Every structure is written in structure tokens, then in C-alpha cells.
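S.K.: Next comes model.cif, mmCIF, C-alpha atoms, pLDDT in the B column; chains and numbers go by the auth columns:
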```
data_query
loop_
_atom_site.group_PDB
_atom_site.id
_atom_site.type_symbol
_atom_site.label_atom_id
_atom_site.label_comp_id
_atom_site.label_asym_id
_atom_site.label_seq_id
_atom_site.Cartn_x
_atom_site.Cartn_y
_atom_site.Cartn_z
_atom_site.B_iso_or_equiv
_atom_site.auth_seq_id
_atom_site.auth_asym_id
ATOM 1 C CA MET A 1 -20.238 39.880 46.589 46.00 1 F
ATOM 2 C CA ARG A 2 -23.963 40.512 46.275 47.00 2 F
ATOM 3 C CA THR A 3 -26.673 39.074 48.459 47.00 3 F
ATOM 4 C CA VAL A 4 -30.075 38.282 46.976 47.00 4 F
ATOM 5 C CA THR A 5 -32.699 35.852 48.147 49.00 5 F
ATOM 6 C CA ALA A 6 -32.303 32.829 45.921 52.00 6 F
ATOM 7 C CA GLN A 7 -34.144 29.620 45.308 57.00 7 F
ATOM 8 C CA LEU A 8 -31.931 26.568 45.863 56.00 8 F
ATOM 9 C CA THR A 9 -32.102 23.431 43.787 60.00 9 F
ATOM 10 C CA ARG A 10 -30.508 20.306 45.235 60.00 10 F
ATOM 11 C CA ILE A 11 -28.545 18.077 42.874 59.00 11 F
ATOM 12 C CA ASP A 12 -27.624 14.604 44.137 60.00 12 F
ATOM 13 C CA HIS A 13 -24.224 13.349 42.932 58.00 13 F
ATOM 14 C CA GLY A 14 -23.966 10.073 44.820 60.00 14 F
ATOM 15 C CA ASP A 15 -21.900 10.864 47.918 60.00 15 F
ATOM 16 C CA ALA A 16 -22.300 14.625 47.557 58.00 16 F
ATOM 17 C CA VAL A 17 -25.409 16.756 47.424 56.00 17 F
ATOM 18 C CA VAL A 18 -24.896 20.156 45.823 56.00 18 F
ATOM 19 C CA SER A 19 -27.235 23.096 46.214 58.00 19 F
ATOM 20 C CA VAL A 20 -27.395 25.301 43.143 59.00 20 F
ATOM 21 C CA ALA A 21 -28.845 28.778 43.549 57.00 21 F
ATOM 22 C CA SER A 22 -30.836 30.649 40.967 60.00 22 F
ATOM 23 C CA GLY A 23 -29.741 34.222 41.654 60.00 23 F
ATOM 24 C CA TYR A 24 -26.778 35.824 43.387 60.00 24 F
ATOM 25 C CA VAL A 25 -25.607 34.667 46.796 62.00 25 F
ATOM 26 C CA ASP A 26 -22.537 35.301 48.934 74.00 26 F
ATOM 27 C CA VAL A 27 -20.072 32.697 47.680 84.00 27 F
ATOM 28 C CA ASP A 28 -16.319 33.106 47.486 90.00 28 F
ATOM 29 C CA ALA A 29 -14.368 32.000 44.420 92.00 29 F
ATOM 30 C CA ARG A 30 -12.937 28.873 46.029 94.00 30 F
ATOM 31 C CA THR A 31 -16.369 27.662 47.112 94.00 31 F
ATOM 32 C CA TRP A 32 -17.737 28.288 43.612 92.00 32 F
ATOM 33 C CA ILE A 33 -14.832 26.413 41.994 95.00 33 F
ATOM 34 C CA ASP A 34 -15.129 23.443 44.356 96.00 34 F
ATOM 35 C CA ARG A 35 -18.897 23.232 43.916 94.00 35 F
ATOM 36 C CA PHE A 36 -18.643 23.619 40.133 94.00 36 F
ATOM 37 C CA ALA A 37 -16.172 20.719 40.078 95.00 37 F
ATOM 38 C CA LEU A 38 -18.764 18.615 41.925 95.00 38 F
ATOM 39 C CA VAL A 39 -21.482 19.572 39.461 95.00 39 F
ATOM 40 C CA LEU A 40 -19.162 18.646 36.578 93.00 40 F
ATOM 41 C CA GLU A 41 -18.289 15.410 38.378 94.00 41 F
ATOM 42 C CA THR A 42 -14.546 16.110 38.298 94.00 42 F
ATOM 43 C CA HIS A 43 -11.837 16.900 40.804 94.00 43 F
ATOM 44 C CA THR A 44 -11.269 20.459 41.931 96.00 44 F
ATOM 45 C CA VAL A 45 -8.173 22.498 41.135 96.00 45 F
ATOM 46 C CA SER A 46 -5.148 22.554 43.441 97.00 46 F
ATOM 47 C CA ASP A 47 -3.919 25.837 44.891 96.00 47 F
ATOM 48 C CA ASP A 48 -0.805 25.729 42.667 97.00 48 F
ATOM 49 C CA ASP A 49 -2.844 25.065 39.533 97.00 49 F
ATOM 50 C CA LEU A 50 -5.298 27.801 40.522 97.00 50 F
ATOM 51 C CA GLU A 51 -2.472 30.343 40.784 97.00 51 F
ATOM 52 C CA ALA A 52 -1.033 29.253 37.417 97.00 52 F
ATOM 53 C CA LEU A 53 -4.436 29.516 35.741 97.00 53 F
ATOM 54 C CA LEU A 54 -5.057 32.966 37.213 97.00 54 F
ATOM 55 C CA GLU A 55 -1.680 34.160 35.952 97.00 55 F
ATOM 56 C CA LEU A 56 -2.362 32.572 32.551 97.00 56 F
ATOM 57 C CA ALA A 57 -5.694 34.401 32.404 97.00 57 F
ATOM 58 C CA GLY A 58 -3.968 37.667 33.287 96.00 58 F
ATOM 59 C CA ILE A 59 -1.341 37.245 30.596 96.00 59 F
ATOM 60 C CA ALA A 60 -3.954 36.369 27.986 96.00 60 F
ATOM 61 C CA ALA A 61 -6.197 39.300 28.928 95.00 61 F
ATOM 62 C CA HIS A 62 -3.386 41.848 29.059 94.00 62 F
ATOM 63 C CA SER A 63 -1.710 40.587 25.903 94.00 63 F
ATOM 64 C CA SER A 64 -4.827 40.927 23.760 93.00 64 F
ATOM 65 C CA GLU A 65 -8.501 41.297 24.664 93.00 65 F
ATOM 66 C CA ARG A 66 -10.201 40.307 27.920 93.00 66 F
ATOM 67 C CA MET A 67 -12.110 37.504 26.241 95.00 67 F
ATOM 68 C CA ALA A 68 -8.799 35.728 25.620 96.00 68 F
ATOM 69 C CA ALA A 69 -8.506 34.925 29.353 96.00 69 F
ATOM 70 C CA PRO A 70 -11.286 32.356 29.800 96.00 70 F
ATOM 71 C CA ILE A 71 -10.803 30.880 26.341 97.00 71 F
ATOM 72 C CA SER A 72 -7.045 30.461 26.904 97.00 72 F
ATOM 73 C CA CYS A 73 -7.726 28.656 30.184 96.00 73 F
ATOM 74 C CA TRP A 74 -10.245 26.431 28.420 96.00 74 F
ATOM 75 C CA LEU A 75 -7.716 25.657 25.687 97.00 75 F
ATOM 76 C CA ALA A 76 -5.111 24.813 28.326 97.00 76 F
ATOM 77 C CA GLY A 77 -7.535 22.373 29.921 94.00 77 F
ATOM 78 C CA GLN A 78 -8.408 20.799 26.590 96.00 78 F
ATOM 79 C CA SER A 79 -4.760 20.427 25.577 97.00 79 F
ATOM 80 C CA GLY A 80 -3.783 18.059 28.357 94.00 80 F
ATOM 81 C CA VAL A 81 -0.787 20.126 29.493 96.00 81 F
ATOM 82 C CA THR A 82 -0.524 21.144 33.135 97.00 82 F
ATOM 83 C CA PRO A 83 -1.507 24.675 34.113 97.00 83 F
ATOM 84 C CA ALA A 84 2.171 25.406 34.826 97.00 84 F
ATOM 85 C CA GLN A 85 3.130 24.242 31.327 98.00 85 F
ATOM 86 C CA ALA A 86 0.347 26.306 29.788 97.00 86 F
ATOM 87 C CA LEU A 87 1.497 29.344 31.775 97.00 87 F
ATOM 88 C CA ALA A 88 5.066 28.922 30.523 97.00 88 F
ATOM 89 C CA ARG A 89 3.826 28.705 26.935 97.00 89 F
ATOM 90 C CA ALA A 90 1.601 31.772 27.432 97.00 90 F
ATOM 91 C CA ARG A 91 4.597 33.731 28.738 96.00 91 F
ATOM 92 C CA GLU A 92 6.634 32.647 25.708 96.00 92 F
ATOM 93 C CA LEU A 93 3.851 33.642 23.312 96.00 93 F
ATOM 94 C CA ALA A 94 3.335 37.012 24.987 95.00 94 F
ATOM 95 C CA ALA A 95 7.087 37.702 24.868 94.00 95 F
ATOM 96 C CA THR A 96 7.187 36.708 21.191 94.00 96 F
ATOM 97 C CA LEU A 97 4.305 39.065 20.456 93.00 97 F
ATOM 98 C CA GLY A 98 6.000 41.796 22.484 88.00 98 F
ATOM 99 C CA SER A 99 3.012 42.173 24.770 78.00 99 F
ATOM 100 C CA ILE A 100 4.715 41.496 28.119 67.00 100 F
ATOM 101 C CA PRO A 101 8.297 41.064 29.288 49.00 101 F
ATOM 102 C CA GLU A 102 9.519 37.477 29.549 51.00 102 F
ATOM 103 C CA LYS A 103 9.859 36.093 33.101 54.00 103 F
#
```
Would you put the structure from the file into C-alpha cells?
M.R.:
Amino acid sequence: MRTVTAQLTRIDHGDAVVSVASGYVDVDARTWIDRFALVLETHTVSDDDLEALLELAGIAAHSSERMAAPISCWLAGQSGVTPAQALARARELAATLGSIPEK
């Protein structure tokens, strides 16, 4: 993590007030995810779903190019399947393509 003096902008979302920094600050991934969910006015991700999405991203990135990781996670979210279901389908696809062994 990098530390830089940053200017904070406060965003009021009804019950929650979120401070958004312009610049880099010390924020862990979980804090970022939870705050981003607030900014998007949606619920945050559960620990189980987070693990499934991280594994999905890893499979996508290691089965093709790195850019496949975030786009595959976005597609999973758009599809309406659960992260666990998306992970299972990613494993199947990767095995079909011969890019990783099937679990």
C-alpha cells in the first residue's frame, strides 16, 4: 500500500457518508470493496463470494490473458449466476480448453 496526502470528498448516501480520496491512501482490499459497494448503492460481497470471485479471476487470468480476470468477474455479475456457479463454469471452460486441470 502507498501513502500519499489526499484530498477527501464526502459523498452523502442517506444513512452513510462515504469519503472518497483523490490520490493513493492506505486502504485494504476489504475496506475498498465495502466502500465501493456503498458508492454504488448496493450490498457488499460476502466472504464466500469474495473467495469464489478471486478464484474465478485467477482461472480467467491464467487460462488466457490477465485482462480476462476483471471482465470475467463482470460477466459473472451481469449473468445473474452466483459467484460459486460462475466459478464452476470457469473451471469447466478452462478444463475444456486444456488450460488448467479440472477440480
S.K.: Given only C-alpha atoms as the basis, pick out the residue of F:Leu75, F:Ile33, F:Ala60, F:Leu38 nearest to Leu97 of chain F.
M.R.: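 Of F:Leu75, F:Ile33, F:Ala60, F:Leu38, the one nearest Leu97 of chain F is F:Ala60, counting only C-alpha atoms.
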S.K.: Can you give me, as a tab-separated table (two decimals) with C-alpha atoms, keeping the file's coordinate frame, the residues this file yields under the PyMOL selection byres ((chain F and resi 61) around 12)?
M.R.:
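Saved result, out_14.tsv, follows:
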```
chain	number	residue	atom	x	y	z
F	54	LEU	CA	-5.06	32.97	37.21
F	55	GLU	CA	-1.68	34.16	35.95
F	56	LEU	CA	-2.36	32.57	32.55
F	57	ALA	CA	-5.69	34.40	32.40
F	58	GLY	CA	-3.97	37.67	33.29
F	59	ILE	CA	-1.34	37.24	30.60
F	60	ALA	CA	-3.95	36.37	27.99
F	62	HIS	CA	-3.39	41.85	29.06
F	63	SER	CA	-1.71	40.59	25.90
F	64	SER	CA	-4.83	40.93	23.76
F	65	GLU	CA	-8.50	41.30	24.66
F	66	ARG	CA	-10.20	40.31	27.92
F	67	MET	CA	-12.11	37.50	26.24
F	68	ALA	CA	-8.80	35.73	25.62
F	69	ALA	CA	-8.51	34.92	29.35
F	70	PRO	CA	-11.29	32.36	29.80
F	71	ILE	CA	-10.80	30.88	26.34
F	72	SER	CA	-7.04	30.46	26.90
F	73	CYS	CA	-7.73	28.66	30.18
F	90	ALA	CA	1.60	31.77	27.43
F	94	ALA	CA	3.34	37.01	24.99
F	99	SER	CA	3.01	42.17	24.77
F	100	ILE	CA	4.72	41.50	28.12
```
S.K.: Where does the PyMOL selection byres ((chain F and resi 46) around 12) land in this file, that is, which residues does it pick, as JSON, numbers by chain?
M.R.: {"F": [30, 33, 34, 37, 43, 44, 45, 47, 48, 49, 50, 51, 52, 53, 82, 83, 84]}
S.K.: By how many Å are atom CA of Ala29 of chain F and atom CA of Gly77 of chain F apart?
M.R.: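 Between these atoms lies a distance of 18.7 Å.
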S.K.: Please compute the atom CA of Ala76 of chain F-atom CA of Glu41 of chain F distance, one decimal, in Å.
M.R.: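 Interatomic distance, atom CA of Ala76 of chain F to atom CA of Glu41 of chain F: 19.1 Å.
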S.K.: Quick one: distance from atom CA of Thr42 of chain F to atom CA of Leu93 of chain F in Å, one decimal?
M.R.: 29.5 Å
